[in-house]
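For reference, the structure discussed in these notes is given below.
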Amino acid sequence: MNTLCGACHRMPAPAGAPVDLKNPWNARHQPLLLAASECFRKAEGKLSCLTCHQPHEALSHDATAYEAVCKSCHATPAHRPTTLTKQKTCTTCHMPSVSPGPGLRFANHRIGIYPALDPMNPATRKRTAASTR
């Protein structure tokens, strides 16, 4: 499904061509970034563009609808909400807004954990014995 959506919503790079996933311009290429996310890989084919978007309708800006989609797989967040996260949705933090150029703004579809000032470079977590319990 993502290949079909990607016919219009991804850059015209040949298969296997190197891609800089940290380049803000690639925020325009949603299927490319979605496929690079850990959430997508762990979903074993259950996550596609159609999980969140209706292809024949205008793009929804209803954060609560997207929040419900996240919670369909992640009923309980793996983190403790902080004062900051209580006022945000899942997508605000895990799919941050990126501006690849003047007048352009896209959600980064590479679902991940991002430092506040770097919306294209997901943070890596070091797993400790305590975090695996």
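Residues are named by chain letter and number: chains run A, B, ... in the order of the structure tokens, numbers start at 1 in each chain, and ligands are numbered from 1 in the order shown.
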Within 12 Å of A:Ala36, counting only C-alpha atoms, which residues show up once you throw out same-chain ones fewer than 4 positions away? Write them as number ranges by chain, please. A: 2, 19-22, 26-27, 29-32, 40-42, 108-112, 120-122
| task | Give me the residues within 7 Å of A:Cys52 as a ChimeraX atom specification, counting only C-alpha atoms and dropping any in the same chain fewer than 2 places off. | result | /A:49-50,66,69
**In chain A, DSSP helix (DSSP H, G or I) residues written as a ChimeraX atom specification** = /A:2-9,24-28,30-35,38-42,49-52,63-73,83-86,90-94,130-132
Min atom-atom distance to A:Trp25 from the set A:Leu117, A:Arg10, A:Lys88, A:Met95, counting only C-alpha atoms, belongs to A:Arg10
*Out of A:Arg28, A:Leu47, A:Lys71, A:Cys90, which residue has the shortest atom-to-atom distance to A:Leu104 when counting only C-alpha atoms?*
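Distance minimum relative to A:Leu104 lands on A:Arg28.
For the set A:His9, A:His56, A:Lys46, A:His61, the residue with the smallest atom-to-atom gap to A:Thr91 is A:His61, counting only C-alpha atoms.
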- prompt: atom CA of A:Ala63 and atom CA of A:Thr92 are how many Å apart?
  reply: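 Straight-line distance from atom CA of A:Ala63 to atom CA of A:Thr92 works out to 8.8 Å.
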What does the structure give for the distance between atom CA of A:Ala17 and atom CA of A:Ala43, in Å to one decimal?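 Computing it gives 24.4 Å between the two atoms.
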Practice prompt. Could you tell me which of A:Ser37, A:Thr3, A:Ser99, A:Thr76 comes closest to A:Ile113 if we count only C-alpha atoms?
Written response: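 Ranking A:Ser37, A:Thr3, A:Ser99, A:Thr76 by distance to A:Ile113, first place goes to A:Ser37.
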Between atom CA of A:Pro18 and atom CA of A:Arg105, what is the distance in Å, rounded to a tenth?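 That distance, rounded to one decimal, is 23.8 Å.
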